[in-house]
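Visitor: This is the structure I want to talk about, given as structure tokens.
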Amino acid sequence: MEEAYLLEFGRNVQLWRRLQGISASSLASRAGISRNTLASIEKGTGASSLANVFAVLNALGICSQIVQAAQPGNTELGRELIYRMTRNG
């Protein structure tokens, strides 16, 4: 399951790059990483550090949206868990 998410995430990063008309070399340079590291992210290998992934997302202009998507209050499950936590004190 984890591998499927990594592959999908990598494809999405590559799609964002292509939609913006940015070459892989240019994005890697903007993110301050090597071209090989970007290729690893786009292939979904899971070998890249979280810092490198966030550098790429920031260079693509989508970092804040990704961070916001991970906030518990933005999901049904998260809202339910928050409700349970506050109800139980």
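Every chain in the structure tokens has a letter given in the order shown (A, B, ...), and although residue numbers restart at 1 in each chain, ligands are simply numbered from 1 in the order shown.
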Using only C-alpha atoms, which protein or nucleic acid residues come within 8 Å of region 12-22 of chain A? Drop anything in the same chain fewer than 3 positions from it, and give the result as a PyMOL selection string.
Guide: chain A and resi 8-9+26-27+41-42+57+60
Visitor: Please produce an output containing C-alpha atoms for each residue in the selection, written as a tab-separated table (two decimals), in the first residue's frame.
Guide:
chain	number	residue	atom	x	y	z
A	8	GLU	CA	1.25	8.06	-7.13
A	9	PHE	CA	2.90	10.92	-5.25
A	26	SER	CA	15.43	23.51	-13.63
A	27	LEU	CA	13.18	22.22	-10.85
A	41	ILE	CA	11.09	11.56	-5.97
A	42	GLU	CA	9.28	11.43	-9.30
A	57	LEU	CA	6.95	21.03	-3.38
A	60	LEU	CA	6.47	23.98	-7.43
Visitor: Write out as a count of residues only the set of residues from region 12-64 of chain A that DSSP, computed on the backbone, places in alpha helix (DSSP H).
Guide: 38
Visitor: For Asn58 (chain A), work out the shell of residues within 12 Å, counting only C-alpha atoms and skipping chain neighbours fewer than 2 positions away, then give it as a list of chain:residue names.
Guide: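 Using only C-alpha atoms, the neighbours found are A:Val13, A:Trp16, A:Arg17, A:Leu27, A:Ala28, A:Arg30, A:Ala31, A:Gly32, A:Ala51, A:Asn52, A:Val53, A:Phe54, A:Ala55, A:Val56, A:Leu60, A:Gly61, A:Ile62, A:Cys63, A:Ser64, A:Gln65, A:Ile66, A:Val67.
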Visitor: Need the shell around Gly46 (chain A): protein/DNA/RNA residues with any atom at most 9 Å away, counting only C-alpha atoms. Skip same-chain ones fewer than 5 positions apart. Format as a list in words?
Guide: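 The residues that qualify are Glu3, Leu6, Leu7, Ser40 and Ile41 of chain A.
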Visitor: Print the selection's residues with C-alpha atoms to a file, as an mmCIF file, in the first residue's frame.
Guide:
data_model
loop_
_atom_site.group_PDB
_atom_site.id
_atom_site.type_symbol
_atom_site.label_atom_id
_atom_site.label_comp_id
_atom_site.auth_asym_id
_atom_site.auth_seq_id
_atom_site.Cartn_x
_atom_site.Cartn_y
_atom_site.Cartn_z
ATOM 1 C CA GLU A 3 4.559 1.728 -2.304
ATOM 2 C CA LEU A 6 4.858 6.697 -3.208
ATOM 3 C CA LEU A 7 4.396 5.923 -6.900
ATOM 4 C CA SER A 40 14.001 9.472 -7.274
ATOM 5 C CA ILE A 41 11.094 11.560 -5.969
#
Visitor: Using CA of Glu76 (chain A) and CA of Leu50 (chain A) as the two end points, give the distance in Å to one decimal.
Guide: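 Rounded to one decimal, the two atoms are 25.3 Å apart.
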Visitor: Which is closest to Arg11 (chain A) among A:Asn88, A:Ser23, A:Thr45, A:Gln71, if we use only C-alpha atoms?
Guide: A:Thr45
